[in-house]
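Below is work_31.txt, which holds compact mmCIF, C-alpha atoms and all ligand atoms.
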```
# COMPACT_ATOMS: atom_id res chain seq x y z
CA MET A 17 6.44 68.92 11.87
CA THR A 18 6.62 69.34 8.12
CA ASP A 19 3.79 71.21 6.37
CA VAL A 20 1.55 68.98 4.26
CA LEU A 21 -0.15 70.56 1.25
CA THR A 22 -3.03 68.52 -0.17
CA LEU A 23 -3.56 69.01 -3.89
CA ASP A 24 -6.02 67.54 -6.38
CA PRO A 25 -3.92 65.06 -8.39
CA ARG A 26 -5.82 65.83 -11.60
CA ARG A 27 -6.04 69.62 -11.36
CA PRO A 28 -3.48 70.86 -8.83
CA ASP A 29 -4.09 74.38 -7.53
CA PRO A 30 -1.60 76.68 -9.34
CA ALA A 31 -1.00 78.82 -6.22
CA GLY A 32 -0.01 75.72 -4.24
CA ILE A 33 2.28 74.59 -7.04
CA ALA A 34 3.88 78.06 -7.25
CA GLY A 35 4.66 78.09 -3.52
CA ALA A 36 6.24 74.64 -3.67
CA ALA A 37 8.21 75.60 -6.79
CA ASP A 38 9.64 78.62 -4.90
CA ILE A 39 10.89 76.34 -2.13
CA LEU A 40 12.63 74.13 -4.71
CA ARG A 41 14.15 77.04 -6.60
CA THR A 42 15.60 78.51 -3.41
CA GLY A 43 17.30 75.30 -2.27
CA GLY A 44 14.59 73.64 -0.14
CA LEU A 45 13.32 70.06 -0.12
CA VAL A 46 9.83 69.27 -1.43
CA VAL A 47 8.23 65.81 -1.47
CA PHE A 48 5.82 65.34 -4.37
CA PRO A 49 3.83 62.47 -5.89
CA THR A 50 4.86 60.98 -9.21
CA GLU A 51 2.96 58.26 -11.08
CA THR A 52 5.38 55.64 -9.64
CA VAL A 53 6.20 56.58 -6.04
CA TYR A 54 6.63 59.81 -4.05
CA GLY A 55 9.89 61.67 -4.76
CA LEU A 56 12.07 63.82 -2.47
CA GLY A 57 13.00 66.76 -4.69
CA ALA A 58 15.71 69.40 -4.67
CA HIS A 59 17.15 71.84 -7.24
CA ALA A 60 19.40 69.50 -9.22
CA LEU A 61 21.92 72.17 -10.20
CA ASP A 62 22.38 73.38 -6.59
CA PRO A 63 24.90 71.04 -4.92
CA VAL A 64 24.05 72.24 -1.40
CA ALA A 65 20.35 71.51 -1.93
CA VAL A 66 21.20 68.07 -3.34
CA GLU A 67 23.40 67.30 -0.30
CA ARG A 68 20.32 67.89 1.87
CA ILE A 69 18.53 65.03 0.06
CA PHE A 70 21.26 62.60 1.12
CA SER A 71 21.15 63.71 4.77
CA ALA A 72 17.33 63.74 4.95
CA LYS A 73 17.17 60.14 3.68
CA GLY A 74 20.29 58.80 5.34
CA ARG A 75 21.29 57.75 1.84
CA PRO A 76 24.89 56.80 1.08
CA ALA A 77 26.63 59.37 -1.12
CA ASP A 78 27.61 56.69 -3.67
CA ASP A 79 24.00 56.17 -4.77
CA PRO A 80 23.19 58.49 -7.72
CA LEU A 81 19.91 60.41 -8.08
CA ILE A 82 17.43 60.68 -10.95
CA VAL A 83 17.06 64.16 -12.45
CA HIS A 84 13.42 64.98 -13.27
CA VAL A 85 12.65 67.44 -16.07
CA HIS A 86 9.36 68.65 -17.54
CA ASP A 87 10.21 68.07 -21.19
CA VAL A 88 12.64 66.12 -23.37
CA SER A 89 14.06 69.43 -24.62
CA GLU A 90 15.79 69.75 -21.22
CA VAL A 91 17.89 66.64 -21.84
CA GLU A 92 20.37 68.37 -24.10
CA ARG A 93 22.02 70.66 -21.57
CA LEU A 94 22.26 67.91 -18.95
CA THR A 95 23.94 65.39 -21.25
CA THR A 96 26.53 65.00 -24.00
CA GLY A 97 26.42 62.87 -27.14
CA VAL A 98 22.72 62.02 -26.84
CA PRO A 99 22.01 58.78 -28.75
CA ARG A 100 19.43 59.05 -31.53
CA ASP A 101 17.26 56.48 -29.74
CA VAL A 102 16.35 59.03 -27.07
CA ALA A 103 13.96 60.91 -29.35
CA ALA A 104 12.02 57.75 -30.20
CA LEU A 105 11.93 56.54 -26.59
CA ALA A 106 10.82 59.96 -25.36
CA ALA A 107 8.11 60.21 -28.01
CA ARG A 108 6.73 56.85 -26.95
CA PHE A 109 7.25 56.77 -23.15
CA TRP A 110 7.63 60.36 -21.85
CA PRO A 111 6.08 61.68 -19.78
CA GLY A 112 6.06 58.36 -17.96
CA PRO A 113 7.77 55.79 -15.74
CA LEU A 114 11.00 55.42 -17.77
CA THR A 115 14.40 56.72 -16.64
CA LEU A 116 17.23 56.97 -19.17
CA VAL A 117 20.90 56.76 -18.19
CA LEU A 118 22.95 59.03 -20.49
CA ARG A 119 26.39 60.67 -20.51
CA ARG A 120 26.32 63.66 -18.21
CA SER A 121 27.33 67.21 -19.14
CA SER A 122 29.28 69.51 -16.85
CA ALA A 123 26.00 71.28 -15.99
CA VAL A 124 25.14 68.41 -13.63
CA PRO A 125 26.91 68.60 -10.24
CA SER A 126 28.81 65.43 -9.44
CA VAL A 127 26.97 65.04 -6.10
CA VAL A 128 23.84 64.25 -8.15
CA THR A 129 25.47 61.40 -10.04
CA ALA A 130 27.66 60.15 -7.17
CA GLY A 131 30.70 60.96 -9.24
CA LEU A 132 29.63 58.86 -12.25
CA ASP A 133 30.09 60.26 -15.76
CA THR A 134 26.47 59.34 -16.52
CA VAL A 135 23.19 60.90 -15.42
CA ALA A 136 19.72 59.35 -15.02
CA ILE A 137 16.87 61.49 -16.39
CA ARG A 138 13.11 61.14 -16.48
CA VAL A 139 10.01 63.18 -17.37
CA PRO A 140 7.31 62.18 -14.88
CA ALA A 141 3.68 62.01 -16.01
CA HIS A 142 1.91 62.83 -12.74
CA PRO A 143 0.16 66.22 -13.15
CA ILE A 144 1.49 67.48 -9.79
CA ALA A 145 5.09 66.45 -10.56
CA HIS A 146 4.83 67.84 -14.05
CA ALA A 147 3.37 71.18 -12.96
CA LEU A 148 5.84 71.53 -10.09
CA ILE A 149 8.94 70.94 -12.23
CA ALA A 150 7.65 73.26 -14.95
CA ALA A 151 6.90 76.00 -12.40
CA ALA A 152 10.27 75.60 -10.66
CA ALA A 153 11.88 75.95 -14.10
CA VAL A 154 14.90 73.98 -12.90
CA PRO A 155 15.75 70.28 -13.16
CA VAL A 156 14.73 68.46 -9.97
CA ALA A 157 16.85 65.69 -8.44
CA ALA A 158 14.56 63.27 -6.64
CA PRO A 159 15.04 59.83 -5.15
CA SER A 160 12.09 57.98 -3.67
CA ALA A 161 10.96 59.82 -0.52
CA ASN A 162 11.71 57.07 1.99
CA LEU A 163 14.44 56.61 4.58
CA PHE A 164 17.31 54.58 3.14
CA SER A 165 16.41 50.85 2.86
CA ARG A 166 12.70 51.34 3.66
CA PRO A 167 10.09 50.53 1.00
CA SER A 168 9.39 53.44 -1.37
CA PRO A 169 6.38 55.57 -0.36
CA THR A 170 3.21 55.28 -2.40
CA ARG A 171 1.12 57.52 -0.09
CA ALA A 172 1.83 60.75 1.76
CA GLU A 173 1.36 58.95 5.10
CA HIS A 174 4.35 56.74 4.23
CA VAL A 175 6.43 59.87 3.67
CA LEU A 176 5.36 61.24 7.06
CA GLN A 177 6.38 57.94 8.71
CA ASP A 178 9.91 58.39 7.34
CA LEU A 179 10.63 62.09 6.74
CA ASP A 180 8.45 64.24 9.01
CA GLY A 181 10.59 67.17 10.19
CA ARG A 182 13.35 66.37 7.69
CA VAL A 183 11.92 68.17 4.62
CA ASP A 184 10.39 71.61 3.99
CA LEU A 185 7.09 70.55 2.39
CA ILE A 186 5.16 67.38 1.57
CA ILE A 187 2.57 67.54 -1.23
CA ASP A 188 -0.18 64.97 -0.69
CA GLY A 189 -1.69 63.94 -4.02
CA GLY A 190 -3.21 60.66 -2.84
CA PRO A 191 -1.99 57.14 -3.61
CA THR A 192 0.38 56.79 -6.57
CA GLU A 193 -0.86 54.85 -9.57
CA VAL A 194 1.97 52.50 -10.57
CA GLY A 195 3.35 51.72 -7.11
CA VAL A 196 6.85 50.56 -8.12
CA GLU A 197 9.73 52.78 -9.21
CA SER A 198 10.46 53.69 -12.83
CA THR A 199 12.23 51.42 -15.28
CA VAL A 200 15.93 52.43 -15.45
CA LEU A 201 17.33 51.94 -18.97
CA ASP A 202 21.07 52.42 -19.56
CA LEU A 203 21.80 53.81 -23.03
CA THR A 204 25.55 54.29 -22.44
CA ASP A 205 26.43 50.62 -23.03
CA ALA A 206 26.82 49.01 -26.44
CA VAL A 207 23.52 47.21 -25.77
CA PRO A 208 20.59 49.09 -24.16
CA THR A 209 20.23 47.48 -20.74
CA ILE A 210 17.44 47.63 -18.16
CA LEU A 211 19.14 48.15 -14.79
CA ARG A 212 15.84 48.21 -12.86
CA PRO A 213 12.58 46.75 -14.23
CA GLY A 214 9.40 48.82 -13.97
CA ALA A 215 6.10 49.60 -15.65
CA VAL A 216 7.76 50.30 -19.00
CA THR A 217 8.58 46.67 -19.69
CA LEU A 218 11.36 45.02 -21.68
CA GLU A 219 8.76 43.98 -24.26
CA MET A 220 7.65 47.61 -24.66
CA ILE A 221 11.22 48.90 -24.99
CA ARG A 222 12.02 46.21 -27.57
CA GLY A 223 9.26 47.69 -29.71
CA ILE A 224 11.71 50.56 -30.26
CA LEU A 225 15.10 49.00 -29.44
CA PRO A 226 14.89 45.35 -30.51
CA ASP A 227 18.28 44.48 -28.96
CA ALA A 228 17.42 45.82 -25.47
CA ARG A 229 18.13 43.38 -22.67
CA MET A 230 17.54 42.94 -18.96
CA ARG A 231 20.57 43.07 -16.73
CA HIS A 232 21.08 39.57 -15.33
CA ALA A 233 20.61 39.00 -11.61
CA ALA A 234 24.21 37.75 -11.50
CA GLU A 235 25.40 41.20 -12.58
CA ARG A 236 23.73 42.74 -9.55
CA ARG A 237 25.89 42.85 -6.51
CA SER A 238 24.75 42.14 -3.04
CA VAL A 239 25.48 44.35 -0.05
CA GLN A 240 26.02 41.15 1.87
CA ASP A 241 28.67 39.97 -0.57
CA PRO A 242 31.99 40.95 1.06
CA ALA A 243 33.83 40.20 -2.18
CA ALA A 244 31.86 43.07 -3.75
CA HIS A 245 33.79 45.67 -1.77
CA GLY A 246 36.84 47.10 -3.41
CA ALA A 247 35.98 45.62 -6.79
CA ALA A 248 35.29 47.64 -9.96
CA PRO A 249 32.79 50.50 -9.54
CA MET A 250 29.20 49.36 -9.76
CA LYS A 251 27.21 50.25 -12.84
CA SER A 252 24.35 51.42 -10.65
CA PRO A 253 25.38 51.52 -7.02
CA GLY A 254 21.85 51.98 -5.74
CA LEU A 255 20.70 48.74 -7.29
CA LEU A 256 22.02 46.63 -4.44
CA ALA A 257 20.46 43.22 -4.11
CA LYS A 258 18.90 43.86 -0.72
CA HIS A 259 17.32 47.26 -0.80
CA TYR A 260 13.57 47.49 -0.40
CA SER A 261 13.18 46.03 3.03
CA PRO A 262 10.40 45.98 5.55
CA ARG A 263 11.53 45.84 9.21
CA ALA A 264 10.37 42.26 9.78
CA PRO A 265 12.33 39.53 7.95
CA LEU A 266 10.47 38.47 4.81
CA THR A 267 10.44 34.94 3.44
CA LEU A 268 9.42 34.62 -0.20
CA TYR A 269 7.88 31.37 -1.48
CA GLU A 270 8.20 30.27 -5.10
CA GLY A 271 6.18 27.41 -6.58
CA SER A 272 2.69 26.59 -7.81
CA ASN A 273 -0.22 28.35 -6.12
CA SER A 274 -1.21 25.25 -4.19
CA GLU A 275 2.38 24.54 -3.10
CA MET A 276 2.85 28.12 -1.93
CA THR A 277 -0.39 28.46 -0.01
CA ALA A 278 -0.02 25.04 1.62
CA ARG A 279 3.53 25.72 2.78
CA ILE A 280 2.75 29.27 3.91
CA SER A 281 -0.17 27.92 5.98
CA THR A 282 2.06 25.31 7.63
CA ASP A 283 4.91 27.70 8.35
CA ALA A 284 2.55 30.38 9.65
CA ALA A 285 0.81 27.89 11.96
CA GLN A 286 4.18 26.85 13.40
CA ALA A 287 5.30 30.44 13.97
CA LEU A 288 1.97 31.27 15.65
CA ALA A 289 2.38 28.21 17.88
CA ARG A 290 5.81 29.56 18.90
CA GLY A 291 4.06 32.77 19.98
CA GLN A 292 5.25 34.91 17.08
CA ARG A 293 3.24 37.59 15.33
CA VAL A 294 2.92 36.64 11.67
CA GLY A 295 2.19 38.74 8.58
CA LEU A 296 1.12 37.15 5.30
CA LEU A 297 1.35 38.79 1.89
CA LEU A 298 -1.09 37.00 -0.41
CA ALA A 299 -3.16 37.29 -3.56
CA THR A 300 -6.89 37.93 -3.30
CA GLU A 301 -7.77 34.37 -4.25
CA ASP A 302 -5.29 32.47 -2.04
CA PRO A 303 -6.99 30.02 0.32
CA ILE A 304 -5.35 29.95 3.74
CA ALA A 305 -6.20 27.27 6.31
CA LEU A 306 -5.60 29.27 9.48
CA ALA A 307 -7.94 30.34 12.27
CA SER A 308 -8.09 34.10 12.61
CA SER A 309 -5.99 35.37 15.49
CA ASP A 310 -4.75 38.66 16.94
CA SER A 311 -1.25 37.48 16.09
CA LEU A 312 -2.05 36.99 12.41
CA ARG A 313 -2.27 39.85 9.90
CA ILE A 314 -3.06 39.17 6.24
CA GLU A 315 -2.48 41.67 3.41
CA ARG A 316 -4.01 40.73 0.07
CA VAL A 317 -2.36 42.82 -2.66
CA GLY A 318 -4.61 41.85 -5.58
CA SER A 319 -5.41 39.02 -7.92
CA GLU A 320 -2.47 37.10 -9.32
CA ARG A 321 -4.00 37.81 -12.73
CA ASP A 322 -3.83 41.57 -12.12
CA PRO A 323 -0.18 42.64 -11.78
CA ALA A 324 -1.04 46.36 -12.03
CA THR A 325 -3.07 46.14 -8.81
CA VAL A 326 -0.43 43.98 -7.12
CA ALA A 327 2.28 46.57 -7.96
CA ALA A 328 0.10 49.45 -6.78
CA ASN A 329 -0.52 47.79 -3.39
CA LEU A 330 2.83 46.10 -2.73
CA TYR A 331 4.74 48.72 -0.71
CA ASN A 332 1.64 49.78 1.20
CA ALA A 333 1.14 46.16 2.27
CA LEU A 334 4.76 45.82 3.43
CA ARG A 335 4.48 49.01 5.46
CA ALA A 336 1.11 47.95 6.90
CA LEU A 337 2.59 44.65 8.10
CA ASP A 338 5.51 46.49 9.67
CA ALA A 339 3.15 48.93 11.37
CA GLU A 340 1.38 45.92 12.94
CA GLY A 341 4.70 44.94 14.49
CA VAL A 342 4.77 41.43 13.01
CA ASP A 343 7.88 39.34 13.77
CA LEU A 344 8.04 37.82 10.32
CA ILE A 345 6.41 38.16 6.91
CA LEU A 346 5.62 35.19 4.66
CA ALA A 347 4.99 36.25 1.07
CA ARG A 348 3.80 34.43 -2.01
CA SER A 349 5.47 35.22 -5.35
CA PHE A 350 3.75 36.14 -8.61
CA ASP A 351 4.38 35.19 -12.22
CA ASP A 352 7.56 37.14 -12.94
CA THR A 353 8.30 35.94 -16.45
CA SER A 354 6.99 38.96 -18.36
CA GLY A 355 5.43 42.41 -18.23
CA LEU A 356 5.03 44.20 -14.92
CA GLY A 357 5.48 40.83 -13.18
CA VAL A 358 9.24 41.20 -13.72
CA ALA A 359 9.30 44.37 -11.60
CA ILE A 360 7.09 42.84 -8.89
CA GLY A 361 9.36 39.79 -8.68
CA ASP A 362 12.44 42.02 -8.55
CA ARG A 363 11.08 44.10 -5.63
CA LEU A 364 9.86 41.05 -3.69
CA ARG A 365 13.23 39.31 -4.04
CA ARG A 366 15.05 42.45 -2.86
CA ALA A 367 12.75 42.67 0.15
CA ALA A 368 13.27 38.99 0.98
CA GLY A 369 15.87 37.78 3.46
CA GLN A 370 15.17 34.23 2.32
CA VAL A 371 13.60 32.55 -0.72
CA ILE A 372 12.03 29.09 -0.39
CA ARG A 373 11.78 27.31 -3.74
CA LEU A 374 9.12 24.62 -3.71
CA ARG A 375 9.94 23.12 -7.08
O1 LIG A 401 10.12 56.08 -10.09
C1 LIG A 401 11.21 56.54 -9.76
O2 LIG A 401 12.24 56.37 -10.43
C2 LIG A 401 11.28 57.37 -8.47
C3 LIG A 401 10.48 58.64 -8.67
C4 LIG A 401 10.59 59.57 -7.49
O3 LIG A 401 10.90 59.25 -9.86
N1 LIG A 401 12.63 57.63 -8.11
C5 LIG A 401 13.46 56.67 -7.64
O4 LIG A 401 14.72 57.15 -7.29
O5 LIG A 401 13.16 55.52 -7.50
P1 LIG A 401 15.76 56.31 -6.45
O6 LIG A 401 16.87 57.26 -6.17
O7 LIG A 401 15.09 55.70 -5.28
O8 LIG A 401 16.27 55.24 -7.46
C6 LIG A 401 17.06 55.66 -8.56
C7 LIG A 401 17.79 54.49 -9.12
C8 LIG A 401 18.86 54.05 -8.16
O9 LIG A 401 18.83 52.65 -8.09
C9 LIG A 401 20.12 54.56 -8.79
O10 LIG A 401 21.24 53.75 -8.51
C10 LIG A 401 19.79 54.54 -10.27
O11 LIG A 401 18.43 54.90 -10.33
N2 LIG A 401 20.61 55.55 -10.95
C11 LIG A 401 20.58 56.88 -10.79
N3 LIG A 401 21.53 57.48 -11.54
C12 LIG A 401 22.16 56.50 -12.20
C13 LIG A 401 23.23 56.47 -13.14
N4 LIG A 401 23.86 57.58 -13.52
N5 LIG A 401 23.62 55.26 -13.61
C14 LIG A 401 22.99 54.15 -13.23
N6 LIG A 401 21.98 54.10 -12.35
C15 LIG A 401 21.56 55.27 -11.84
MG MG A 402 14.70 54.54 -3.73
```
Please rewrite the model in this file as structure tokens.
Ligand code: TXA
Ligand code: MG
Amino acid sequence: MTDVLTLDPRRPDPAGIAGAADILRTGGLVVFPTETVYGLGAHALDPVAVERIFSAKGRPADDPLIVHVHDVSEVERLTTGVPRDVAALAARFWPGPLTLVLRRSSAVPSVVTAGLDTVAIRVPAHPIAHALIAAAAVPVAAPSANLFSRPSPTRAEHVLQDLDGRVDLIIDGGPTEVGVESTVLDLTDAVPTILRPGAVTLEMIRGILPDARMRHAAERRSVQDPAAHGAAPMKSPGLLAKHYSPRAPLTLYEGSNSEMTARISTDAAQALARGQRVGLLLATEDPIALASSDSLRIERVGSERDPATVAANLYNALRALDAEGVDLILARSFDDTSGLGVAIGDRLRRAAGQVIRLR
């Protein structure tokens, strides 16, 4: 059993923070809330501590970690040849849900970056994360605090489901605000490129870097693509196509609202008739023509006009459906053409084993 320390997310108790910071400084593993998802932290400059992150998660060693710091002034010793753009991006978006990929300095152990010559850095905004990293007074390597290939945790109970007994301390700061992981922006390419969409959107980044672009889906490589193995090293190995998966196979529907809800109703009715347990992931306003049944579980993640709420509830809904032991999940899609919708669409497609396009 791992100790759970509950802290007020707005005014965390300094004694609690100091104890957790000691664990980090001396090579232990501490799970803490950030504004995006919970992170599994270790002293980033201690290779043995960082190795423990990979074993606790069951994470492949070729998937690099994000280094969390409490202030932009920390970036210099972790990187070389910092582009001028960093100051403007940091002034606008840090602390916050933006991760920058920069050239790494020799101060960063190669286990952190999976051998890459770049390092991902972010300054989280959550008061607990911020206070903890400042008190530890060391950079903190932290992936999302889930077992490899499970949805990222947005509540301490999700962390307990995955990592109880595998870490030294879990700080419970309540549900996280954003709900999807930070935007990862690569500044080491000729053109600034978003490797993973998040709450800092392409439109927002273009306000500072007008030529920024989104990495195309075709540039992402699938784990299931055998041709991918043995090819050139991946730009971001962790950004595999299938990554954020619930246990039950998820089918994603794309089309108009009426097309999606009609087809989901039909497919759900057929699966129920076959004796399967069915989970539906829907918007608040979706009409569903199905009699309630013990075999049917519906999670409504928010209004389709409210992507912030949908993002905040998404991973909790996937975990709730899994906890119900459903055999399959049928999920509607959301407008993914702009803003936070891009990140929601990205995560849903990664979770999906199958996409049904209705138009
Ligand atoms: O919101 C977040 O970013 C959360 C919280 C805890 O900060 N962290 C998180 O970490 O999502 P993780 O490890 O689950 O995802 C980090 C992503 C991975 O897809 C990884 O491949 C990518 O960032 N990444 C890390 N270092 C990189 C690098 N040097 N170059 C390119 N991509 C990198
Ligand atoms: Mg992760």
May I have the centre and edge lengths, in Å to one decimal, of an axis-aligned box around the listed atoms of ligand LIG 401 (chain A) with 3 Å added to every side, as AutoDock Vina command-line options?
```
--center_x 17.0 --center_y 56.1 --center_z -9.4 --size_x 19.7 --size_y 12.9 --size_z 14.3
```
Review point. Out of A:Thr217, A:Ser308, A:Ser168, A:Asn162, which residue has the shortest atom-to-atom distance to Gly357 in chain A when counting only C-alpha atoms?
Key: A:Thr217
Please identify every residue of chain A that has at least one atom no farther than 10 Å from an atom of ligand MG 402 (chain A), counting only C-alpha atoms and all ligand atoms, and for each give the shortest atom pair and the distance in Å to one decimal, arranged by chain then increasing number, as CSV.
```
residue,atom,partner,partner_atom,distance
A:Val53,CA,A:MG402,MG,9.0
A:Tyr54,CA,A:MG402,MG,9.6
A:Gly55,CA,A:MG402,MG,8.7
A:Leu56,CA,A:MG402,MG,9.7
A:Lys73,CA,A:MG402,MG,9.6
A:Arg75,CA,A:MG402,MG,9.2
A:Asp79,CA,A:MG402,MG,9.5
A:Leu81,CA,A:MG402,MG,9.0
A:Ile82,CA,A:MG402,MG,9.9
A:Ala158,CA,A:MG402,MG,9.2
A:Pro159,CA,A:MG402,MG,5.5
A:Ser160,CA,A:MG402,MG,4.3
A:Ala161,CA,A:MG402,MG,7.2
A:Asn162,CA,A:MG402,MG,6.9
A:Leu163,CA,A:MG402,MG,8.6
A:Phe164,CA,A:MG402,MG,7.3
A:Ser165,CA,A:MG402,MG,7.7
A:Arg166,CA,A:MG402,MG,8.3
A:Pro167,CA,A:MG402,MG,7.7
A:Ser168,CA,A:MG402,MG,5.9
A:Pro169,CA,A:MG402,MG,9.0
A:Val196,CA,A:MG402,MG,9.8
A:Glu197,CA,A:MG402,MG,7.6
A:Gly254,CA,A:MG402,MG,7.9
A:Leu255,CA,A:MG402,MG,9.1
A:His259,CA,A:MG402,MG,8.3
A:Tyr260,CA,A:MG402,MG,7.9
```
Those residues you just picked out, can you put them in a file as a PDB file, keeping the file's coordinate frame with C-alpha atoms?
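result26.pdb written:
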```
ATOM      1  CA  VAL A  53       6.200  56.580  -6.040  1.00  0.00           C
ATOM      2  CA  TYR A  54       6.630  59.810  -4.050  1.00  0.00           C
ATOM      3  CA  GLY A  55       9.890  61.670  -4.760  1.00  0.00           C
ATOM      4  CA  LEU A  56      12.070  63.820  -2.470  1.00  0.00           C
ATOM      5  CA  LYS A  73      17.170  60.140   3.680  1.00  0.00           C
ATOM      6  CA  ARG A  75      21.290  57.750   1.840  1.00  0.00           C
ATOM      7  CA  ASP A  79      24.000  56.170  -4.770  1.00  0.00           C
ATOM      8  CA  LEU A  81      19.910  60.410  -8.080  1.00  0.00           C
ATOM      9  CA  ILE A  82      17.430  60.680 -10.950  1.00  0.00           C
ATOM     10  CA  ALA A 158      14.560  63.270  -6.640  1.00  0.00           C
ATOM     11  CA  PRO A 159      15.040  59.830  -5.150  1.00  0.00           C
ATOM     12  CA  SER A 160      12.090  57.980  -3.670  1.00  0.00           C
ATOM     13  CA  ALA A 161      10.960  59.820  -0.520  1.00  0.00           C
ATOM     14  CA  ASN A 162      11.710  57.070   1.990  1.00  0.00           C
ATOM     15  CA  LEU A 163      14.440  56.610   4.580  1.00  0.00           C
ATOM     16  CA  PHE A 164      17.310  54.580   3.140  1.00  0.00           C
ATOM     17  CA  SER A 165      16.410  50.850   2.860  1.00  0.00           C
ATOM     18  CA  ARG A 166      12.700  51.340   3.660  1.00  0.00           C
ATOM     19  CA  PRO A 167      10.090  50.530   1.000  1.00  0.00           C
ATOM     20  CA  SER A 168       9.390  53.440  -1.370  1.00  0.00           C
ATOM     21  CA  PRO A 169       6.380  55.570  -0.360  1.00  0.00           C
ATOM     22  CA  VAL A 196       6.850  50.560  -8.120  1.00  0.00           C
ATOM     23  CA  GLU A 197       9.730  52.780  -9.210  1.00  0.00           C
ATOM     24  CA  GLY A 254      21.850  51.980  -5.740  1.00  0.00           C
ATOM     25  CA  LEU A 255      20.700  48.740  -7.290  1.00  0.00           C
ATOM     26  CA  HIS A 259      17.320  47.260  -0.800  1.00  0.00           C
ATOM     27  CA  TYR A 260      13.570  47.490  -0.400  1.00  0.00           C
TER      28      TYR A 260
END
```
Review point. Looking at A:Gly214, A:Pro25, A:Pro323, A:Gly35, which one is nearest to ligand LIG 401 (chain A), with distances taken over all atoms listed in the file?
Key: A:Gly214
Exercise for review: Rank A:Glu315, A:Asp24, A:Asp133, A:Asp19 by their smallest atom-to-atom distance to ligand LIG 401 (chain A), using only C-alpha atoms and all ligand atoms, and report the top residue only.
Suggested key: A:Asp133
Point to revise | Which residue of A:Arg363, A:Arg263, A:Arg26, A:Arg100 approaches ligand LIG 401 (chain A) most closely, using only C-alpha atoms and all ligand atoms | key: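 Answer, going by the shortest atom-to-atom distance: A:Arg363.
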**Study point:** Residue contacts of Arg93 in chain A (9 Å, all atoms listed in the file) excluding same-chain residues fewer than 4 positions away, as a VMD selection string
**Key:** chain A and resid 89 120 to 124
Check your understanding: Could you tell me, as a ChimeraX atom specification, which residues have any atom at most 10 Å from (-9.0, 27.0, 1.5), counting all atoms listed in the file?
Key -> /A:274,277-278,281,301-306
Any chance you can output those residues with C-alpha atoms as a tab-separated table (two decimals), in the coordinates of the input?
```
chain	number	residue	atom	x	y	z
A	274	SER	CA	-1.21	25.25	-4.19
A	277	THR	CA	-0.39	28.46	-0.01
A	278	ALA	CA	-0.02	25.04	1.62
A	281	SER	CA	-0.17	27.92	5.98
A	301	GLU	CA	-7.77	34.37	-4.25
A	302	ASP	CA	-5.29	32.47	-2.04
A	303	PRO	CA	-6.99	30.02	0.32
A	304	ILE	CA	-5.35	29.95	3.74
A	305	ALA	CA	-6.20	27.27	6.31
A	306	LEU	CA	-5.60	29.27	9.48
```
Practice item. Pick out the closest residue to Ala324 in chain A from this set: A:Val194, A:Ser354, A:Asp283, A:Pro49. Count only C-alpha atoms. Key: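 So, comparing all the options, the nearest one is A:Val194.
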**Study point:** Residues within 10 Å of Leu203 in chain A, only C-alpha atoms, excluding chain neighbours under 2 positions, as a ChimeraX atom specification
**Key:** /A:98-99,101-102,116-119,134,136,200-201,205-210,228
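Excluding Glu270 in chain A and any residue on its chain fewer than 6 positions from it, the residues at most 8 Å away by only C-alpha atoms are Met276, Arg348, Ser349, Val371, Ile372, Arg373, Leu374 and Arg375 of chain A.
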Exercise for review: Would you please work out which residue, of A:Val20, A:Leu297, A:Ala145, A:Ala72, is nearest to ligand LIG 401 (chain A) when using all atoms listed in the file?
Suggested key: A:Ala145
Check your understanding: Separation of CA of Asp338 in chain A and CA of Gly295 in chain A, in Å?
Key ->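 It comes out at 8.5 Å.
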**Study point:** Long-range neighbours of Leu344 in chain A as a ChimeraX atom specification, 12 Å cut-off, all atoms listed in the file, 2 positions minimum in chain
**Key:** /A:262-268,280,283-284,287-288,291-297,311-314,334,337-338,340-342,346-347,368-370
Practice item. For CA of Leu148 in chain A and CA of Trp110 in chain A, quote the distance in Å rounded to one decimal. Key: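 Between CA of Leu148 in chain A and CA of Trp110 in chain A the gap is 16.3 Å.
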